[in-house]
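Each remark here refers to the structure printed beneath this line.
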Amino acid sequence: MSASRTPRTAVAVRHVPFEDLGILAPLLAERGYETTLLDAGIDELDADTVAGADLLIVLGGPIGVYDDDRYPFLRSSKAAVAARLDSGGATLGVCLGAQLLAESLGAVVRPTGAVEIGFGPLTLTPEGRESVLAPLDGEPVLHWHGDEFAIPAGAQSLAHTPGFPHQAFAVGRTLGLQFHLEADHRVIERWLIGHAHELHHHGVDPRMIREQARMLGPRLETLATRVLTDWLDAVEA
């Protein structure tokens, strides 16, 4: 009898409950990952926590990487992310997660004074069209951000939109995405409720996003699943 294979392990860091793994959760389960979900600011996150995982996923949230004084847990999060990147382990960052990765790689992250909220088309760079993001060129994806990151030194810039010139980057086994491929369009109402104050503040009608999710969500899920599957194939190789 052959020995059973040790399951792959993933650590996912969540900043707010409704910005969760979404469509990534079943995808990871199908691939045999045992996933540990950590709530930032509640559960301990340090270099030891993430060092042994096959995969680290840092999800989004409504704070900035520069908010250390208001949210001191960010300091330990940044230290853990930096240690993870130094180790070369497979790492995916989404929105705030991507901004944490970018800062840890020496890039500037800053508020823009503007927001990009809702579904809008993504334009890939030449490098992006040769990457796992290729299926997304010209396709509407879910945006929900006001901060932006610079592209870290040595990383490839993969995508942009008119208002945000840096939407994705890749370096080694690290992928940073400003937009939300993981979001499940079937439960977009969680986002609309959780971000109600932000939507009101910026004059964004939740009915628009709800209808976009209904019309565009199923196709985006198909494309996103392909992108995430191809990325996992690459980092697991």
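Letters A, B, ... mark the chains of the structure tokens in the order given; residue numbers begin at 1 per chain; ligand numbers begin at 1, in order shown.
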Item to complete: List every residue of range 37-147 of chain A that DSSP, applied to the backbone of this structure, assigns to alpha helix (DSSP H), and report them as JSON, numbers by chain.
Response: {"A": [47, 48, 49, 50, 51, 73, 74, 75, 76, 77, 78, 79, 80, 81, 82, 83, 84, 85, 86, 87, 96, 97, 98, 99, 100, 101, 102, 103, 104, 126, 127, 128, 129]}
Discussion item. Taking 4 positions as the minimum chain separation for residues in the same chain, which residues sit within 7 Å of Leu38 in chain A when counting only C-alpha atoms? Answer as a list in words.
Written reply: Ala12, Val13, Arg14 and Asp43 of chain A
Store the residues picked out above, limited to N, CA and C atoms, as a CSV table (one decimal), in the first residue's frame.
```
chain,number,residue,atom,x,y,z
A,12,ALA,N,-5.3,31.7,5.1
A,12,ALA,CA,-6.0,32.9,4.5
A,12,ALA,C,-6.2,33.9,5.6
A,13,VAL,N,-5.8,35.1,5.3
A,13,VAL,CA,-6.0,36.2,6.3
A,13,VAL,C,-7.2,37.1,5.9
A,14,ARG,N,-8.2,37.1,6.7
A,14,ARG,CA,-9.4,37.9,6.4
A,14,ARG,C,-9.5,39.1,7.3
A,43,ASP,N,-6.9,36.9,15.5
A,43,ASP,CA,-6.0,35.7,15.5
A,43,ASP,C,-4.6,36.2,15.3
```
Worksheet item: How many Å separate CA of Gln178 in chain A from CA of Ala98 in chain A?
Response: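 Going from CA of Gln178 in chain A over to CA of Ala98 in chain A, I get 6.2 Å.
Backbone DSSP over range 96-132 of chain A yields strand (DSSP E or B) at A:Val109, A:Arg110, A:Pro111, A:Thr112, A:Gly113, A:Ala114, A:Val115, A:Glu116, A:Ile117, A:Gly118, A:Phe119, A:Gly120, A:Pro121, A:Thr123, A:Leu124.
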Worksheet item: Which one of A:Ile42, A:Ile23, A:Ala90, A:Ala51 sits closest to Pro72 in chain A if you count only C-alpha atoms?
Response: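 Checking each of A:Ile42, A:Ile23, A:Ala90, A:Ala51 against Pro72 in chain A, counting only C-alpha atoms, the winner is A:Ile42.
CA of Pro135 in chain A is positioned 6.3 Å from CA of Leu223 in chain A.
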Response to the item:
Using only C-alpha atoms, the shortest atom-to-atom distance to Glu130 in chain A among A:Ser157, A:Thr225, A:Ser77, A:Ser87 belongs to A:Ser157
List the spatial neighbours of Leu74 in chain A as a PDB file with all heavy atoms, in the first residue's frame - criterion: any atom at most 10 Å away, only C-alpha atoms, same-chain residues fewer than 2 positions off excluded.
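Written file, selection00.pdb:
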```pdb
ATOM      1  N   ALA A  40      -7.770  38.899  10.919  1.00  0.00           N
ATOM      2  CA  ALA A  40      -6.761  39.897  11.251  1.00  0.00           C
ATOM      3  C   ALA A  40      -7.205  40.713  12.459  1.00  0.00           C
ATOM      4  O   ALA A  40      -8.373  41.079  12.586  1.00  0.00           O
ATOM      5  CB  ALA A  40      -6.529  40.821  10.054  1.00  0.00           C
ATOM      6  N   GLY A  41      -6.271  40.984  13.349  1.00  0.00           N
ATOM      7  CA  GLY A  41      -6.564  41.754  14.540  1.00  0.00           C
ATOM      8  C   GLY A  41      -7.108  40.923  15.680  1.00  0.00           C
ATOM      9  O   GLY A  41      -7.166  41.392  16.823  1.00  0.00           O
ATOM     10  N   LEU A  45      -1.034  36.455  13.912  1.00  0.00           N
ATOM     11  CA  LEU A  45      -0.404  36.281  12.603  1.00  0.00           C
ATOM     12  C   LEU A  45       1.052  36.697  12.731  1.00  0.00           C
ATOM     13  O   LEU A  45       1.359  37.862  12.944  1.00  0.00           O
ATOM     14  CB  LEU A  45      -1.098  37.125  11.539  1.00  0.00           C
ATOM     15  CG  LEU A  45      -0.475  37.069  10.137  1.00  0.00           C
ATOM     16  CD1 LEU A  45      -0.612  35.679   9.546  1.00  0.00           C
ATOM     17  CD2 LEU A  45      -1.112  38.097   9.222  1.00  0.00           C
ATOM     18  N   ILE A  63      -9.313  49.307   5.302  1.00  0.00           N
ATOM     19  CA  ILE A  63      -8.313  50.156   5.951  1.00  0.00           C
ATOM     20  C   ILE A  63      -7.107  50.270   5.030  1.00  0.00           C
ATOM     21  O   ILE A  63      -7.029  49.587   4.003  1.00  0.00           O
ATOM     22  CB  ILE A  63      -7.895  49.611   7.338  1.00  0.00           C
ATOM     23  CG1 ILE A  63      -7.299  48.206   7.200  1.00  0.00           C
ATOM     24  CG2 ILE A  63      -9.085  49.598   8.284  1.00  0.00           C
ATOM     25  CD1 ILE A  63      -6.791  47.640   8.517  1.00  0.00           C
ATOM     26  N   GLY A  64      -6.181  51.142   5.386  1.00  0.00           N
ATOM     27  CA  GLY A  64      -4.993  51.333   4.563  1.00  0.00           C
ATOM     28  C   GLY A  64      -3.769  50.735   5.213  1.00  0.00           C
ATOM     29  O   GLY A  64      -3.703  50.584   6.441  1.00  0.00           O
ATOM     30  N   VAL A  65      -2.775  50.411   4.407  1.00  0.00           N
ATOM     31  CA  VAL A  65      -1.543  49.836   4.947  1.00  0.00           C
ATOM     32  C   VAL A  65      -0.808  50.829   5.840  1.00  0.00           C
ATOM     33  O   VAL A  65       0.035  50.440   6.661  1.00  0.00           O
ATOM     34  CB  VAL A  65      -0.600  49.352   3.817  1.00  0.00           C
ATOM     35  CG1 VAL A  65      -1.254  48.298   2.970  1.00  0.00           C
ATOM     36  CG2 VAL A  65      -0.153  50.521   2.951  1.00  0.00           C
ATOM     37  N   TYR A  66      -1.129  52.112   5.700  1.00  0.00           N
ATOM     38  CA  TYR A  66      -0.475  53.170   6.454  1.00  0.00           C
ATOM     39  C   TYR A  66      -1.196  53.461   7.777  1.00  0.00           C
ATOM     40  O   TYR A  66      -0.843  54.400   8.488  1.00  0.00           O
ATOM     41  CB  TYR A  66      -0.444  54.455   5.600  1.00  0.00           C
ATOM     42  CG  TYR A  66      -1.727  54.652   4.828  1.00  0.00           C
ATOM     43  CD1 TYR A  66      -2.882  55.136   5.452  1.00  0.00           C
ATOM     44  CD2 TYR A  66      -1.808  54.289   3.485  1.00  0.00           C
ATOM     45  CE1 TYR A  66      -4.059  55.269   4.763  1.00  0.00           C
ATOM     46  CE2 TYR A  66      -2.989  54.415   2.790  1.00  0.00           C
ATOM     47  CZ  TYR A  66      -4.117  54.909   3.424  1.00  0.00           C
ATOM     48  OH  TYR A  66      -5.301  55.021   2.726  1.00  0.00           O
ATOM     49  N   ASP A  67      -2.223  52.674   8.121  1.00  0.00           N
ATOM     50  CA  ASP A  67      -3.029  52.926   9.312  1.00  0.00           C
ATOM     51  C   ASP A  67      -2.494  52.211  10.555  1.00  0.00           C
ATOM     52  O   ASP A  67      -3.257  51.827  11.445  1.00  0.00           O
ATOM     53  CB  ASP A  67      -4.474  52.485   9.069  1.00  0.00           C
ATOM     54  CG  ASP A  67      -5.262  53.477   8.230  1.00  0.00           C
ATOM     55  OD1 ASP A  67      -4.940  54.669   8.280  1.00  0.00           O
ATOM     56  OD2 ASP A  67      -6.200  53.041   7.521  1.00  0.00           O
ATOM     57  N   ASP A  68      -1.183  52.044  10.648  1.00  0.00           N
ATOM     58  CA  ASP A  68      -0.585  51.309  11.769  1.00  0.00           C
ATOM     59  C   ASP A  68      -0.972  51.875  13.136  1.00  0.00           C
ATOM     60  O   ASP A  68      -1.214  51.120  14.079  1.00  0.00           O
ATOM     61  CB  ASP A  68       0.946  51.321  11.671  1.00  0.00           C
ATOM     62  CG  ASP A  68       1.462  50.808  10.348  1.00  0.00           C
ATOM     63  OD1 ASP A  68       1.098  51.404   9.315  1.00  0.00           O
ATOM     64  OD2 ASP A  68       2.228  49.843  10.347  1.00  0.00           O
ATOM     65  N   ASP A  69      -1.017  53.193  13.243  1.00  0.00           N
ATOM     66  CA  ASP A  69      -1.317  53.792  14.544  1.00  0.00           C
ATOM     67  C   ASP A  69      -2.744  53.491  14.980  1.00  0.00           C
ATOM     68  O   ASP A  69      -3.003  53.255  16.167  1.00  0.00           O
ATOM     69  CB  ASP A  69      -1.086  55.305  14.503  1.00  0.00           C
ATOM     70  CG  ASP A  69       0.384  55.669  14.436  1.00  0.00           C
ATOM     71  OD1 ASP A  69       1.222  54.795  14.745  1.00  0.00           O
ATOM     72  OD2 ASP A  69       0.698  56.811  14.060  1.00  0.00           O
ATOM     73  N   ARG A  70      -3.661  53.506  14.042  1.00  0.00           N
ATOM     74  CA  ARG A  70      -5.055  53.226  14.366  1.00  0.00           C
ATOM     75  C   ARG A  70      -5.310  51.722  14.516  1.00  0.00           C
ATOM     76  O   ARG A  70      -6.165  51.302  15.305  1.00  0.00           O
ATOM     77  CB  ARG A  70      -5.973  53.792  13.280  1.00  0.00           C
ATOM     78  CG  ARG A  70      -5.957  55.314  13.159  1.00  0.00           C
ATOM     79  CD  ARG A  70      -6.915  55.772  12.076  1.00  0.00           C
ATOM     80  NE  ARG A  70      -6.951  57.220  11.929  1.00  0.00           N
ATOM     81  CZ  ARG A  70      -6.150  57.909  11.127  1.00  0.00           C
ATOM     82  NH1 ARG A  70      -5.251  57.269  10.402  1.00  0.00           N
ATOM     83  NH2 ARG A  70      -6.244  59.217  11.040  1.00  0.00           N
ATOM     84  N   TYR A  71      -4.583  50.927  13.743  1.00  0.00           N
ATOM     85  CA  TYR A  71      -4.784  49.472  13.738  1.00  0.00           C
ATOM     86  C   TYR A  71      -3.420  48.793  13.908  1.00  0.00           C
ATOM     87  O   TYR A  71      -2.796  48.354  12.935  1.00  0.00           O
ATOM     88  CB  TYR A  71      -5.457  49.021  12.435  1.00  0.00           C
ATOM     89  CG  TYR A  71      -6.816  49.652  12.251  1.00  0.00           C
ATOM     90  CD1 TYR A  71      -6.975  50.803  11.469  1.00  0.00           C
ATOM     91  CD2 TYR A  71      -7.931  49.125  12.884  1.00  0.00           C
ATOM     92  CE1 TYR A  71      -8.214  51.392  11.317  1.00  0.00           C
ATOM     93  CE2 TYR A  71      -9.179  49.715  12.739  1.00  0.00           C
ATOM     94  CZ  TYR A  71      -9.315  50.838  11.959  1.00  0.00           C
ATOM     95  OH  TYR A  71     -10.551  51.428  11.819  1.00  0.00           O
ATOM     96  N   PRO A  72      -2.950  48.691  15.158  1.00  0.00           N
ATOM     97  CA  PRO A  72      -1.587  48.200  15.408  1.00  0.00           C
ATOM     98  C   PRO A  72      -1.325  46.776  14.916  1.00  0.00           C
ATOM     99  O   PRO A  72      -0.165  46.430  14.690  1.00  0.00           O
ATOM    100  CB  PRO A  72      -1.469  48.278  16.939  1.00  0.00           C
ATOM    101  CG  PRO A  72      -2.471  49.295  17.353  1.00  0.00           C
ATOM    102  CD  PRO A  72      -3.605  49.162  16.393  1.00  0.00           C
ATOM    103  N   SER A  76       2.342  43.513  12.898  1.00  0.00           N
ATOM    104  CA  SER A  76       2.683  42.089  12.875  1.00  0.00           C
ATOM    105  C   SER A  76       2.296  41.463  11.542  1.00  0.00           C
ATOM    106  O   SER A  76       2.979  40.559  11.051  1.00  0.00           O
ATOM    107  CB  SER A  76       2.002  41.354  14.038  1.00  0.00           C
ATOM    108  OG  SER A  76       0.597  41.476  13.970  1.00  0.00           O
ATOM    109  N   SER A  77       1.208  41.941  10.932  1.00  0.00           N
ATOM    110  CA  SER A  77       0.832  41.437   9.609  1.00  0.00           C
ATOM    111  C   SER A  77       1.922  41.730   8.591  1.00  0.00           C
ATOM    112  O   SER A  77       2.308  40.871   7.787  1.00  0.00           O
ATOM    113  CB  SER A  77      -0.484  42.073   9.152  1.00  0.00           C
ATOM    114  OG  SER A  77      -1.571  41.667   9.939  1.00  0.00           O
ATOM    115  N   LYS A  78       2.453  42.953   8.635  1.00  0.00           N
ATOM    116  CA  LYS A  78       3.499  43.334   7.687  1.00  0.00           C
ATOM    117  C   LYS A  78       4.768  42.506   7.904  1.00  0.00           C
ATOM    118  O   LYS A  78       5.415  42.092   6.936  1.00  0.00           O
ATOM    119  CB  LYS A  78       3.807  44.819   7.812  1.00  0.00           C
ATOM    120  CG  LYS A  78       2.692  45.728   7.328  1.00  0.00           C
ATOM    121  CD  LYS A  78       3.058  47.194   7.556  1.00  0.00           C
ATOM    122  CE  LYS A  78       1.953  48.113   7.101  1.00  0.00           C
ATOM    123  NZ  LYS A  78       2.293  49.540   7.293  1.00  0.00           N
ATOM    124  N   ALA A  79       5.107  42.280   9.169  1.00  0.00           N
ATOM    125  CA  ALA A  79       6.295  41.482   9.456  1.00  0.00           C
ATOM    126  C   ALA A  79       6.131  40.062   8.955  1.00  0.00           C
ATOM    127  O   ALA A  79       7.057  39.463   8.386  1.00  0.00           O
ATOM    128  CB  ALA A  79       6.583  41.487  10.961  1.00  0.00           C
ATOM    129  N   ALA A  80       4.939  39.490   9.140  1.00  0.00           N
ATOM    130  CA  ALA A  80       4.686  38.124   8.684  1.00  0.00           C
ATOM    131  C   ALA A  80       4.722  38.044   7.169  1.00  0.00           C
ATOM    132  O   ALA A  80       5.288  37.111   6.584  1.00  0.00           O
ATOM    133  CB  ALA A  80       3.338  37.634   9.217  1.00  0.00           C
ATOM    134  N   LEU A 100      -0.409  45.283   0.920  1.00  0.00           N
ATOM    135  CA  LEU A 100       0.549  44.828   1.934  1.00  0.00           C
ATOM    136  C   LEU A 100       1.748  44.137   1.282  1.00  0.00           C
ATOM    137  O   LEU A 100       2.888  44.325   1.704  1.00  0.00           O
ATOM    138  CB  LEU A 100      -0.141  43.883   2.915  1.00  0.00           C
ATOM    139  CG  LEU A 100      -1.096  44.549   3.920  1.00  0.00           C
ATOM    140  CD1 LEU A 100      -1.961  43.499   4.599  1.00  0.00           C
ATOM    141  CD2 LEU A 100      -0.315  45.342   4.957  1.00  0.00           C
TER     142      LEU A 100
END
```
Worksheet entry | Length of the CA of Pro140 in chain A to CA of Gly106 in chain A vector [Å] |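 Value for the CA of Pro140 in chain A-CA of Gly106 in chain A distance: 29.4 Å.
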Item to complete: Rank A:Leu96, A:Ile193, A:Leu122, A:Leu85 by their smallest atom-to-atom distance to Val171 in chain A, using only C-alpha atoms, and report the top residue only.
Response: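 Among the listed residues, the smallest separation from Val171 in chain A belongs to A:Leu85.
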Discussion item. I'd like the neighbourhood of Leu136 in chain A as a VMD selection string, where a residue qualifies if any of its atoms comes within 9 Å (using only C-alpha atoms), though same-chain residues fewer than 6 positions away should be ignored.
Written reply: chain A and resid 121 to 124 129 220 223 to 224 227
Discussion item. Quick one: residues within 8 Å of Gly128 in chain A, only C-alpha atoms, excluding same-chain residues fewer than 5 positions away - as a list in words?
Written reply: Leu133, Ala134, Ser157, Leu158 and Ala159 of chain A
If you keep all heavy atoms, can you produce a file of those selected residues as a compact mmCIF listing (two decimals), in the first residue's frame?
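Okay, again_17.txt is ready:
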```
# COMPACT_ATOMS: atom_id res chain seq x y z
N LEU A 133 -3.33 35.99 -16.15
CA LEU A 133 -4.47 36.90 -16.24
C LEU A 133 -5.01 37.05 -17.66
O LEU A 133 -6.01 37.76 -17.86
CB LEU A 133 -4.07 38.29 -15.72
CG LEU A 133 -3.61 38.41 -14.27
CD1 LEU A 133 -3.44 39.89 -13.91
CD2 LEU A 133 -4.58 37.75 -13.32
N ALA A 134 -4.40 36.40 -18.63
CA ALA A 134 -4.76 36.59 -20.04
C ALA A 134 -6.27 36.54 -20.32
O ALA A 134 -6.78 37.34 -21.12
CB ALA A 134 -4.02 35.57 -20.91
N SER A 157 4.33 44.53 -14.14
CA SER A 157 3.03 45.18 -14.11
C SER A 157 2.13 44.45 -15.11
O SER A 157 2.48 44.31 -16.28
CB SER A 157 3.17 46.65 -14.49
OG SER A 157 1.89 47.26 -14.56
N LEU A 158 0.96 44.01 -14.65
CA LEU A 158 0.13 43.12 -15.47
C LEU A 158 -1.16 43.75 -15.99
O LEU A 158 -1.72 43.26 -16.98
CB LEU A 158 -0.24 41.86 -14.67
CG LEU A 158 0.93 41.03 -14.13
CD1 LEU A 158 0.40 39.83 -13.36
CD2 LEU A 158 1.86 40.60 -15.25
N ALA A 159 -1.67 44.80 -15.33
CA ALA A 159 -2.99 45.31 -15.71
C ALA A 159 -3.16 46.74 -15.23
O ALA A 159 -2.49 47.20 -14.31
CB ALA A 159 -4.08 44.42 -15.12
```
Worksheet item: For His143 in chain A, which of A:His160, A:His180, A:Arg173, A:Arg84 is the closest residue, counting only C-alpha atoms?
Response: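 Answer, going by the shortest atom-to-atom distance: A:His180.
Remark: for Glu103 in chain A, the closest of the candidate residues A:Val58, A:Ala170, A:Ala10, A:Ala150 is A:Ala150 (distances computed over only C-alpha atoms).
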Item to complete: Pick out the residues sitting within 6 Å of Ile57 in chain A, and hand them over as a PyMOL selection string; count only C-alpha atoms, and ignore anything fewer than 4 positions along from it in its own chain.
Response: chain A and resi 12+91-93
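Restricting the calculation to only C-alpha atoms, the smallest distance between Ala83 in chain A and any of A:Leu56, A:Val109, A:Ala47, A:Ala155 is found for A:Ala47.
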